[in-house]
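Trainee: So I've got this file, target14.txt, and it contains compact mmCIF, C-alpha atoms and all ligand atoms:
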# COMPACT_ATOMS: atom_id res chain seq x y z
CA MET A 1 -25.87 22.74 22.17
CA ALA A 2 -26.48 18.97 22.15
CA VAL A 3 -29.31 17.90 19.83
CA ALA A 4 -31.77 15.48 21.44
CA LEU A 5 -31.86 12.22 19.48
CA VAL A 6 -35.29 11.03 18.37
CA PRO A 7 -35.97 7.55 19.79
CA PRO A 8 -36.89 4.77 17.34
CA ARG A 9 -40.68 4.80 16.90
CA HIS A 10 -40.90 1.02 16.81
CA VAL A 11 -38.53 -1.48 18.43
CA ALA A 12 -38.90 -5.22 17.77
CA ILE A 13 -37.16 -7.92 19.82
CA VAL A 14 -36.39 -11.64 19.44
CA MET A 15 -36.14 -12.52 23.13
CA ASP A 16 -33.65 -15.38 22.84
CA GLY A 17 -31.59 -17.09 25.53
CA ASN A 18 -34.07 -18.02 28.28
CA GLY A 19 -33.21 -21.71 28.06
CA ARG A 20 -29.45 -21.14 28.29
CA TRP A 21 -29.91 -18.70 31.18
CA ALA A 22 -31.73 -21.46 33.11
CA GLN A 23 -29.39 -24.29 32.09
CA ARG A 24 -26.36 -22.32 33.27
CA ARG A 25 -27.98 -22.20 36.69
CA PHE A 26 -28.98 -25.90 36.62
CA LEU A 27 -32.63 -24.84 36.53
CA PRO A 28 -35.43 -26.15 34.28
CA ARG A 29 -35.86 -24.23 31.01
CA LEU A 30 -39.20 -22.91 32.21
CA ALA A 31 -37.41 -21.01 35.00
CA GLY A 32 -35.63 -19.14 32.21
CA HIS A 33 -38.94 -18.26 30.55
CA LYS A 34 -40.27 -17.01 33.92
CA GLN A 35 -37.23 -14.78 34.25
CA GLY A 36 -37.88 -13.77 30.64
CA VAL A 37 -41.27 -12.40 31.66
CA GLU A 38 -39.53 -10.25 34.34
CA SER A 39 -37.13 -8.99 31.70
CA LEU A 40 -40.04 -8.19 29.38
CA ARG A 41 -41.79 -6.20 32.12
CA ARG A 42 -38.62 -4.15 32.68
CA CYS A 43 -38.16 -3.63 28.94
CA VAL A 44 -41.76 -2.43 28.43
CA GLN A 45 -41.33 0.20 31.15
CA ALA A 46 -37.93 1.25 29.79
CA CYS A 47 -39.37 1.67 26.27
CA ALA A 48 -42.28 3.76 27.57
CA GLN A 49 -39.87 5.95 29.58
CA ARG A 50 -37.71 6.50 26.47
CA GLY A 51 -40.64 7.65 24.32
CA ILE A 52 -40.69 4.56 22.10
CA GLY A 53 -44.23 4.24 20.75
CA VAL A 54 -44.32 0.57 19.71
CA LEU A 55 -42.61 -2.53 21.09
CA THR A 56 -43.08 -5.86 19.28
CA VAL A 57 -41.77 -9.05 20.88
CA PHE A 58 -41.50 -12.65 19.68
CA ALA A 59 -42.96 -14.77 22.50
CA PHE A 60 -43.90 -18.02 20.74
CA SER A 61 -43.18 -18.96 17.15
CA SER A 62 -45.15 -21.22 14.83
CA GLU A 63 -42.15 -23.58 15.11
CA ASN A 64 -42.05 -23.57 18.95
CA TRP A 65 -44.79 -26.28 18.98
CA ASN A 66 -41.92 -28.66 18.17
CA ARG A 67 -40.39 -28.15 21.64
CA PRO A 68 -40.91 -30.75 24.40
CA GLN A 69 -44.59 -30.92 25.38
CA ASP A 70 -43.95 -29.78 28.98
CA GLU A 71 -42.13 -26.66 27.76
CA VAL A 72 -44.98 -25.81 25.35
CA SER A 73 -47.67 -26.25 28.00
CA GLY A 74 -45.47 -24.33 30.49
CA LEU A 75 -45.24 -21.38 28.08
CA MET A 76 -49.03 -21.38 27.58
CA GLU A 77 -49.54 -21.43 31.34
CA LEU A 78 -46.96 -18.67 31.80
CA LEU A 79 -48.76 -16.47 29.29
CA ALA A 80 -52.15 -17.02 30.94
CA LYS A 81 -50.72 -16.19 34.40
CA ALA A 82 -48.70 -13.21 33.16
CA LEU A 83 -51.82 -11.70 31.61
CA THR A 84 -53.87 -11.95 34.80
CA ARG A 85 -51.00 -10.50 36.84
CA GLU A 86 -49.66 -7.81 34.51
CA VAL A 87 -52.72 -6.19 32.91
CA PRO A 88 -53.46 -3.79 35.81
CA GLN A 89 -49.86 -2.48 35.78
CA LEU A 90 -49.86 -2.27 31.96
CA CYS A 91 -52.98 -0.08 32.24
CA LYS A 92 -51.25 2.15 34.82
CA ASP A 93 -48.29 2.48 32.44
CA GLY A 94 -50.56 3.30 29.46
CA VAL A 95 -49.69 0.13 27.52
CA ARG A 96 -52.05 -1.21 24.87
CA LEU A 97 -51.67 -4.94 24.16
CA HIS A 98 -52.10 -6.61 20.78
CA PHE A 99 -51.54 -10.30 20.20
CA VAL A 100 -50.28 -11.10 16.74
CA GLY A 101 -50.42 -14.63 15.31
CA GLU A 102 -52.59 -17.60 14.48
CA ARG A 103 -55.24 -18.05 17.20
CA THR A 104 -56.96 -21.17 15.93
CA GLY A 105 -54.26 -23.51 17.29
CA LEU A 106 -54.61 -22.10 20.83
CA SER A 107 -56.83 -23.46 23.60
CA ASP A 108 -60.13 -21.67 24.34
CA LYS A 109 -58.71 -20.54 27.70
CA VAL A 110 -55.62 -18.92 26.14
CA ARG A 111 -57.68 -17.38 23.30
CA GLU A 112 -60.16 -15.85 25.72
CA GLY A 113 -57.26 -14.56 27.89
CA LEU A 114 -55.71 -12.80 24.90
CA ALA A 115 -59.01 -11.23 23.81
CA GLN A 116 -59.76 -10.05 27.36
CA ALA A 117 -56.31 -8.48 27.80
CA GLU A 118 -56.74 -6.67 24.47
CA ARG A 119 -60.17 -5.38 25.53
CA GLU A 120 -58.93 -4.24 28.95
CA THR A 121 -55.98 -2.29 27.53
CA ALA A 122 -57.72 -0.95 24.40
CA HIS A 123 -58.03 2.60 25.79
CA ASN A 124 -54.27 2.97 26.53
CA SER A 125 -52.14 5.04 24.19
CA ARG A 126 -48.64 5.59 25.59
CA LEU A 127 -47.05 2.41 24.19
CA VAL A 128 -48.38 -0.30 21.87
CA LEU A 129 -47.06 -3.73 22.91
CA ASN A 130 -47.43 -6.35 20.16
CA VAL A 131 -46.86 -9.83 21.51
CA CYS A 132 -46.22 -12.24 18.62
CA PHE A 133 -47.63 -15.53 19.81
CA ASN A 134 -48.05 -18.57 17.56
CA TYR A 135 -46.60 -16.27 14.95
CA GLY A 136 -44.36 -16.72 11.93
CA GLY A 137 -43.40 -14.18 9.28
CA ARG A 138 -44.27 -16.63 6.51
CA TRP A 139 -47.66 -17.32 8.10
CA ASP A 140 -48.34 -13.57 8.10
CA ILE A 141 -47.47 -13.10 4.42
CA ALA A 142 -49.55 -16.16 3.46
CA GLN A 143 -52.59 -15.11 5.52
CA ALA A 144 -52.45 -11.59 4.06
CA ALA A 145 -52.29 -12.99 0.49
CA ALA A 146 -55.17 -15.40 1.29
CA GLN A 147 -57.34 -12.49 2.55
CA LEU A 148 -56.74 -10.54 -0.66
CA ALA A 149 -57.42 -13.59 -2.83
CA ALA A 150 -60.68 -14.29 -0.98
CA ARG A 151 -61.80 -10.69 -1.60
CA GLY A 152 -60.65 -10.81 -5.23
CA GLU A 153 -58.24 -7.92 -4.59
CA ALA A 154 -55.06 -7.41 -6.59
CA ILE A 155 -51.88 -8.37 -4.75
CA THR A 156 -49.63 -5.32 -4.54
CA GLU A 157 -47.12 -4.18 -1.93
CA ALA A 158 -49.64 -1.68 -0.59
CA SER A 159 -52.59 -4.11 -0.43
CA LEU A 160 -50.46 -6.83 1.21
CA ASP A 161 -49.13 -4.30 3.68
CA ARG A 162 -52.69 -3.39 4.69
CA ALA A 163 -53.63 -7.06 5.18
CA MET A 164 -50.62 -7.95 7.34
CA ALA A 165 -51.08 -8.63 11.04
CA LEU A 166 -49.02 -5.57 12.03
CA SER A 167 -50.81 -3.09 9.76
CA HIS A 168 -51.81 -1.04 12.85
CA VAL A 169 -48.19 0.11 13.42
CA PRO A 170 -45.31 1.48 11.32
CA ASP A 171 -42.52 -0.95 10.36
CA PRO A 172 -39.86 -1.49 13.05
CA ASP A 173 -36.96 0.97 12.97
CA LEU A 174 -34.79 -1.19 15.21
CA LEU A 175 -34.85 -4.99 15.49
CA ILE A 176 -32.87 -6.47 18.37
CA ARG A 177 -32.05 -10.13 18.86
CA THR A 178 -30.57 -11.21 22.19
CA GLY A 179 -28.76 -14.47 22.94
CA GLY A 180 -25.88 -14.14 20.49
CA GLU A 181 -27.47 -15.73 17.40
CA MET A 182 -27.61 -13.70 14.20
CA ARG A 183 -30.74 -14.70 12.32
CA LEU A 184 -34.37 -13.62 11.99
CA SER A 185 -35.94 -17.05 12.71
CA ASN A 186 -39.11 -16.22 10.72
CA PHE A 187 -39.78 -12.96 12.65
CA LEU A 188 -41.25 -9.93 10.81
CA LEU A 189 -39.94 -11.06 7.41
CA TRP A 190 -42.04 -8.46 5.59
CA GLN A 191 -41.84 -5.60 8.07
CA ALA A 192 -38.09 -5.77 8.78
CA ALA A 193 -37.14 -4.87 5.19
CA TYR A 194 -35.48 -1.64 6.34
CA SER A 195 -35.07 -2.24 10.07
CA GLU A 196 -31.66 -1.70 11.61
CA LEU A 197 -30.54 -5.02 13.09
CA VAL A 198 -28.72 -5.14 16.41
CA PHE A 199 -27.50 -8.44 17.88
CA SER A 200 -26.74 -8.61 21.58
CA ASP A 201 -24.76 -11.36 23.29
CA ARG A 202 -26.81 -10.91 26.45
CA LEU A 203 -29.28 -13.66 27.19
CA TRP A 204 -32.85 -12.27 27.29
CA PRO A 205 -33.24 -12.51 31.11
CA GLU A 206 -30.11 -10.32 31.40
CA PHE A 207 -31.21 -7.72 28.85
CA ASP A 208 -31.57 -4.63 31.05
CA GLU A 209 -32.01 -0.87 30.55
CA ALA A 210 -28.28 -0.40 29.84
CA ALA A 211 -28.39 -3.07 27.13
CA LEU A 212 -31.45 -1.40 25.60
CA ASP A 213 -29.65 1.95 25.62
CA GLU A 214 -26.63 0.32 23.92
CA ALA A 215 -28.89 -1.02 21.17
CA ILE A 216 -30.54 2.40 20.74
CA ALA A 217 -27.09 4.05 20.58
CA ALA A 218 -26.05 1.57 17.85
CA PHE A 219 -29.27 2.47 16.00
CA HIS A 220 -28.49 6.19 16.24
CA ALA A 221 -24.98 5.58 14.87
CA ARG A 222 -26.40 4.05 11.65
CA GLU A 223 -27.16 5.99 8.49
CA ARG A 224 -30.56 4.90 7.20
CA ARG A 225 -30.48 5.27 3.44
CA PHE A 226 -33.60 3.39 2.25
CA GLY A 227 -31.89 2.69 -1.09
CA LYS A 228 -30.55 6.24 -1.58
CA THR A 229 -26.89 7.28 -1.61
CA SER A 230 -25.21 8.71 1.46
CA GLU A 231 -24.91 12.09 -0.32
CA GLN A 232 -28.64 12.16 -1.04
CA VAL A 233 -29.47 11.39 2.58
CA LYS A 234 -27.19 14.16 3.86
CA ALA A 235 -28.45 16.78 1.36
C1 LIG A 301 -36.38 -18.10 23.31
O1 LIG A 301 -35.43 -18.54 24.24
C2 LIG A 301 -37.57 -17.67 24.00
C3 LIG A 301 -38.81 -18.20 23.83
C4 LIG A 301 -39.12 -19.30 22.90
C5 LIG A 301 -39.94 -17.72 24.61
C6 LIG A 301 -39.90 -16.25 24.88
C7 LIG A 301 -40.82 -15.98 25.97
C8 LIG A 301 -40.59 -15.08 26.96
C9 LIG A 301 -39.49 -14.14 27.03
C10 LIG A 301 -41.53 -14.99 28.05
C11 LIG A 301 -42.66 -14.12 27.68
C12 LIG A 301 -43.62 -14.96 27.06
C13 LIG A 301 -44.82 -15.13 27.46
C14 LIG A 301 -45.39 -16.46 27.25
C15 LIG A 301 -45.58 -14.04 28.13
P1 LIG A 301 -34.93 -20.04 24.13
O2 LIG A 301 -35.79 -20.88 24.99
O3 LIG A 301 -34.89 -20.46 22.70
O4 LIG A 301 -33.50 -19.91 24.71
P2 LIG A 301 -32.21 -20.76 24.31
O5 LIG A 301 -31.86 -20.35 22.91
O6 LIG A 301 -31.21 -20.33 25.32
O7 LIG A 301 -32.59 -22.20 24.44
Give the structure from the file, written as structure tokens.

Mentor:
Amino acid sequence: MAVALVPPRHVAIVMDGNGRWAQRRFLPRLAGHKQGVESLRRCVQACAQRGIGVLTVFAFSSENWNRPQDEVSGLMELLAKALTREVPQLCKDGVRLHFVGERTGLSDKVREGLAQAERETAHNSRLVLNVCFNYGGRWDIAQAAAQLAARGEAITEASLDRAMALSHVPDPDLLIRTGGEMRLSNFLLWQAAYSELVFSDRLWPEFDEAALDEAIAAFHARERRFGKTSEQVKA
């Protein structure tokens, strides 16, 4: 009898390739980000249907402020609009939203939009969706260390872990990057210590259910040893 495979509890994604998707169609880069939102909607539903409990996505990095001003303001606008439009459906699908990242650099309008979306989805429990926005892995480690220092707490792995911005979820089991590049780009530097990494050549707007299933199949084919030997894991 076939044994049902347990889905990864937490999947994290670097949604790369929106710009190239648009450029290949002679469209402005922002058209790629808009299509990226569609792809994200599809991915959230697919994760919920597959029994994945947590999805964490990289939507705007601390370094993305260096992009052309119209692209930055377009991304802010896109986020604000997506929240207004998507929250009712996210509630129907049982999705709880968390925004992870530095909020002080954001406009009042965007900050209030994030807080409202978190409040409106707080009662949902089928899937936690962490949207990393104005986020960097180094920022997270530094802010966690600063919290501990301010409280006079000793810095240990456990205390840092509790102070990190993703302390409400387990570490990602599977980290996917689309768009063909093979790097972390300052995403989840602390939490990805033992994540299985899967790199897909698909551009993010083209990352569909089949591509997600391929990444999950690659995850299932890995042996997770967490520092042990293969023999120990099998015993
Ligand atoms: C990287 O592609 C993608 C981003 C910097 C933004 C990701 C955002 C989305 C998928 C939309 C969802 C976000 C919001 C605001 C709700 P890239 O532009 O670096 O692509 P390229 O490598 O082809 O240039």

Trainee: How close does each residue of chain A get to ligand LIG 301 (chain A), giving the shortest atom pair and distance in Å to one decimal for every residue with an atom at most 10 Å away, counting all atoms listed in the file, sorted by chain and residue number, as CSV?

Mentor:
residue,atom,partner,partner_atom,distance
A:Ile13,CA,A:LIG301,C9,9.8
A:Val14,CA,A:LIG301,C1,7.5
A:Met15,CA,A:LIG301,C9,5.4
A:Asp16,CA,A:LIG301,C1,3.9
A:Gly17,CA,A:LIG301,O6,3.3
A:Asn18,CA,A:LIG301,O4,4.1
A:Gly19,CA,A:LIG301,O6,3.7
A:Arg20,CA,A:LIG301,O6,3.5
A:Trp21,CA,A:LIG301,O6,6.2
A:Ala22,CA,A:LIG301,O6,7.9
A:Gln23,CA,A:LIG301,O6,8.1
A:Arg24,CA,A:LIG301,O6,9.5
A:Arg29,CA,A:LIG301,O2,6.9
A:Leu30,CA,A:LIG301,O2,8.2
A:Gly32,CA,A:LIG301,O2,7.4
A:His33,CA,A:LIG301,C10,4.9
A:Lys34,CA,A:LIG301,C10,6.3
A:Gln35,CA,A:LIG301,C10,7.5
A:Gly36,CA,A:LIG301,C9,4.0
A:Val37,CA,A:LIG301,C10,4.5
A:Glu38,CA,A:LIG301,C10,8.1
A:Ser39,CA,A:LIG301,C9,7.3
A:Leu40,CA,A:LIG301,C9,6.4
A:Arg41,CA,A:LIG301,C11,9.1
A:Val57,CA,A:LIG301,C9,8.3
A:Phe58,CA,A:LIG301,C6,6.5
A:Ala59,CA,A:LIG301,C6,4.1
A:Phe60,CA,A:LIG301,C4,5.4
A:Ser61,CA,A:LIG301,C4,7.0
A:Glu63,CA,A:LIG301,C4,9.4
A:Asn64,CA,A:LIG301,C4,6.5
A:Trp65,CA,A:LIG301,C4,9.8
A:Arg67,CA,A:LIG301,C4,9.0
A:Glu71,CA,A:LIG301,O2,9.0
A:Val72,CA,A:LIG301,C4,9.1
A:Gly74,CA,A:LIG301,C14,8.5
A:Leu75,CA,A:LIG301,C14,5.0
A:Met76,CA,A:LIG301,C14,6.1
A:Glu77,CA,A:LIG301,C14,7.7
A:Leu78,CA,A:LIG301,C14,5.3
A:Leu79,CA,A:LIG301,C14,3.9
A:Ala80,CA,A:LIG301,C14,7.7
A:Lys81,CA,A:LIG301,C15,8.4
A:Ala82,CA,A:LIG301,C15,6.0
A:Leu83,CA,A:LIG301,C15,7.5
A:Glu86,CA,A:LIG301,C15,9.8
A:Val131,CA,A:LIG301,C15,7.9
A:Cys132,CA,A:LIG301,C12,9.2
A:Phe133,CA,A:LIG301,C14,7.8
A:Thr178,CA,A:LIG301,O1,9.0
A:Gly179,CA,A:LIG301,O5,6.6
A:Gly180,CA,A:LIG301,O5,9.0
A:Glu181,CA,A:LIG301,O5,8.4
A:Leu203,CA,A:LIG301,O6,7.2
A:Trp204,CA,A:LIG301,C9,6.9
A:Pro205,CA,A:LIG301,C9,7.6

Trainee: Using all atoms listed in the file, which residue out of A:Ala117, A:Ala211, A:Met164, A:Leu175 lies closest to Val54 (chain A)?

Mentor: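 Residue with the minimum atom-to-atom distance to Val54 (chain A): A:Leu175.
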
Trainee: Which residues come within 10 Å of region 93-99 of chain A, counting all atoms listed in the file, excluding same-chain residues fewer than 3 positions away, as an mmCIF file with C-alpha atoms, in the frame of the given file?

Mentor:
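Resulting contents of out-v5.cif:
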data_model
loop_
_atom_site.group_PDB
_atom_site.id
_atom_site.type_symbol
_atom_site.label_atom_id
_atom_site.label_comp_id
_atom_site.auth_asym_id
_atom_site.auth_seq_id
_atom_site.Cartn_x
_atom_site.Cartn_y
_atom_site.Cartn_z
ATOM 1 C CA VAL A 44 -41.760 -2.430 28.430
ATOM 2 C CA GLN A 45 -41.330 0.200 31.150
ATOM 3 C CA ALA A 48 -42.280 3.760 27.570
ATOM 4 C CA GLN A 49 -39.870 5.950 29.580
ATOM 5 C CA GLY A 53 -44.230 4.240 20.750
ATOM 6 C CA VAL A 54 -44.320 0.570 19.710
ATOM 7 C CA LEU A 55 -42.610 -2.530 21.090
ATOM 8 C CA THR A 56 -43.080 -5.860 19.280
ATOM 9 C CA VAL A 57 -41.770 -9.050 20.880
ATOM 10 C CA ALA A 59 -42.960 -14.770 22.500
ATOM 11 C CA VAL A 87 -52.720 -6.190 32.910
ATOM 12 C CA PRO A 88 -53.460 -3.790 35.810
ATOM 13 C CA GLN A 89 -49.860 -2.480 35.780
ATOM 14 C CA LEU A 90 -49.860 -2.270 31.960
ATOM 15 C CA GLU A 102 -52.590 -17.600 14.480
ATOM 16 C CA ARG A 103 -55.240 -18.050 17.200
ATOM 17 C CA ARG A 111 -57.680 -17.380 23.300
ATOM 18 C CA LEU A 114 -55.710 -12.800 24.900
ATOM 19 C CA ALA A 115 -59.010 -11.230 23.810
ATOM 20 C CA ALA A 117 -56.310 -8.480 27.800
ATOM 21 C CA GLU A 118 -56.740 -6.670 24.470
ATOM 22 C CA ARG A 119 -60.170 -5.380 25.530
ATOM 23 C CA GLU A 120 -58.930 -4.240 28.950
ATOM 24 C CA THR A 121 -55.980 -2.290 27.530
ATOM 25 C CA ALA A 122 -57.720 -0.950 24.400
ATOM 26 C CA HIS A 123 -58.030 2.600 25.790
ATOM 27 C CA ASN A 124 -54.270 2.970 26.530
ATOM 28 C CA SER A 125 -52.140 5.040 24.190
ATOM 29 C CA ARG A 126 -48.640 5.590 25.590
ATOM 30 C CA LEU A 127 -47.050 2.410 24.190
ATOM 31 C CA VAL A 128 -48.380 -0.300 21.870
ATOM 32 C CA LEU A 129 -47.060 -3.730 22.910
ATOM 33 C CA ASN A 130 -47.430 -6.350 20.160
ATOM 34 C CA VAL A 131 -46.860 -9.830 21.510
ATOM 35 C CA CYS A 132 -46.220 -12.240 18.620
ATOM 36 C CA PHE A 133 -47.630 -15.530 19.810
ATOM 37 C CA ASN A 134 -48.050 -18.570 17.560
ATOM 38 C CA TYR A 135 -46.600 -16.270 14.950
ATOM 39 C CA ALA A 165 -51.080 -8.630 11.040
ATOM 40 C CA LEU A 166 -49.020 -5.570 12.030
ATOM 41 C CA HIS A 168 -51.810 -1.040 12.850
#

Trainee: Here is a test: counting only C-alpha atoms, which residue of A:Ala218, A:Leu189, A:Cys43, A:Ala146 is nearest to Leu174 (chain A)?

Mentor: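 Of all the options, A:Ala218 lies closest to Leu174 (chain A).
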
Trainee: Please, what distance in Å, to one decimal, runs between CA of Arg25 (chain A) and CA of Phe207 (chain A)?

Mentor: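 One can read the CA of Arg25 (chain A) to CA of Phe207 (chain A) distance as 16.8 Å.
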
Trainee: How far is it from CA of Arg225 (chain A) to CA of Ser185 (chain A), in Å with one decimal?

Mentor: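 Computed distance, CA of Arg225 (chain A) to CA of Ser185 (chain A), equals 24.8 Å.
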
Trainee: When you draw a straight line from CA of Gly137 (chain A) to CA of Glu223 (chain A), how long is it in Å?

Mentor: 25.9 Å

Trainee: When you count all atoms listed in the file, which of these residues is closest to Phe219 (chain A): A:Leu197, A:Val233, A:Ala163, A:Ile52?

Mentor: A:Leu197

Trainee: Which residues are near Ser167 (chain A)? Cut-off 12 Å, all atoms listed in the file, ignore same chain within fewer than 3 positions. Put them as a PDB file with C-alpha atoms, in the coordinates of the input.

Mentor:
ATOM      1  CA  HIS A  98     -52.100  -6.610  20.780  1.00  0.00           C
ATOM      2  CA  VAL A 100     -50.280 -11.100  16.740  1.00  0.00           C
ATOM      3  CA  ASN A 130     -47.430  -6.350  20.160  1.00  0.00           C
ATOM      4  CA  ASP A 140     -48.340 -13.570   8.100  1.00  0.00           C
ATOM      5  CA  ILE A 141     -47.470 -13.100   4.420  1.00  0.00           C
ATOM      6  CA  ALA A 144     -52.450 -11.590   4.060  1.00  0.00           C
ATOM      7  CA  ALA A 158     -49.640  -1.680  -0.590  1.00  0.00           C
ATOM      8  CA  SER A 159     -52.590  -4.110  -0.430  1.00  0.00           C
ATOM      9  CA  LEU A 160     -50.460  -6.830   1.210  1.00  0.00           C
ATOM     10  CA  ASP A 161     -49.130  -4.300   3.680  1.00  0.00           C
ATOM     11  CA  ARG A 162     -52.690  -3.390   4.690  1.00  0.00           C
ATOM     12  CA  ALA A 163     -53.630  -7.060   5.180  1.00  0.00           C
ATOM     13  CA  MET A 164     -50.620  -7.950   7.340  1.00  0.00           C
ATOM     14  CA  PRO A 170     -45.310   1.480  11.320  1.00  0.00           C
ATOM     15  CA  ASP A 171     -42.520  -0.950  10.360  1.00  0.00           C
ATOM     16  CA  PRO A 172     -39.860  -1.490  13.050  1.00  0.00           C
ATOM     17  CA  LEU A 188     -41.250  -9.930  10.810  1.00  0.00           C
ATOM     18  CA  TRP A 190     -42.040  -8.460   5.590  1.00  0.00           C
ATOM     19  CA  GLN A 191     -41.840  -5.600   8.070  1.00  0.00           C
TER      20      GLN A 191
END

Trainee: Compare A:Ala217, A:Ala235, A:Ala31, A:Leu212 by their minimum atom-to-atom distance to Leu5 (chain A), counting only C-alpha atoms, and give me the closest one.

Mentor: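 With only C-alpha atoms as the atom set, the closest residue is A:Ala217.
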
Trainee: Please reconstruct the missing atoms of region 80-92 of chain A (target: N, CA, C and O atoms) and return them as a CSV table (one decimal), keeping the file's coordinate frame.

Mentor:
chain,number,residue,atom,x,y,z
A,80,ALA,N,-50.8,-17.2,30.3
A,80,ALA,CA,-52.2,-17.0,30.9
A,80,ALA,C,-51.9,-16.3,32.3
A,80,ALA,O,-52.6,-15.3,32.6
A,81,LYS,N,-51.0,-16.8,33.1
A,81,LYS,CA,-50.7,-16.2,34.4
A,81,LYS,C,-50.2,-14.8,34.3
A,81,LYS,O,-50.6,-13.9,35.0
A,82,ALA,N,-49.3,-14.5,33.3
A,82,ALA,CA,-48.7,-13.2,33.2
A,82,ALA,C,-49.8,-12.2,32.8
A,82,ALA,O,-49.8,-11.1,33.3
A,83,LEU,N,-50.8,-12.6,32.0
A,83,LEU,CA,-51.8,-11.7,31.6
A,83,LEU,C,-52.6,-11.3,32.8
A,83,LEU,O,-52.9,-10.1,33.0
A,84,THR,N,-53.1,-12.3,33.6
A,84,THR,CA,-53.9,-12.0,34.8
A,84,THR,C,-53.1,-11.0,35.7
A,84,THR,O,-53.7,-10.1,36.3
A,85,ARG,N,-51.8,-11.3,35.9
A,85,ARG,CA,-51.0,-10.5,36.8
A,85,ARG,C,-50.6,-9.1,36.3
A,85,ARG,O,-50.6,-8.1,37.1
A,86,GLU,N,-50.3,-9.0,35.0
A,86,GLU,CA,-49.7,-7.8,34.5
A,86,GLU,C,-50.6,-6.8,34.0
A,86,GLU,O,-50.3,-5.6,33.9
A,87,VAL,N,-51.8,-7.2,33.6
A,87,VAL,CA,-52.7,-6.2,32.9
A,87,VAL,C,-53.0,-4.9,33.7
A,87,VAL,O,-52.9,-3.8,33.2
A,88,PRO,N,-53.2,-5.0,35.1
A,88,PRO,CA,-53.5,-3.8,35.8
A,88,PRO,C,-52.3,-2.8,35.7
A,88,PRO,O,-52.4,-1.6,35.5
A,89,GLN,N,-51.0,-3.4,35.9
A,89,GLN,CA,-49.9,-2.5,35.8
A,89,GLN,C,-49.7,-1.9,34.4
A,89,GLN,O,-49.3,-0.8,34.2
A,90,LEU,N,-50.0,-2.8,33.4
A,90,LEU,CA,-49.9,-2.3,32.0
A,90,LEU,C,-50.8,-1.1,31.8
A,90,LEU,O,-50.5,-0.1,31.1
A,91,CYS,N,-52.0,-1.2,32.4
A,91,CYS,CA,-53.0,-0.1,32.2
A,91,CYS,C,-52.4,1.2,32.9
A,91,CYS,O,-52.5,2.3,32.4
A,92,LYS,N,-51.8,1.0,34.1
A,92,LYS,CA,-51.2,2.2,34.8
A,92,LYS,C,-50.2,2.8,34.0
A,92,LYS,O,-50.0,4.0,34.0
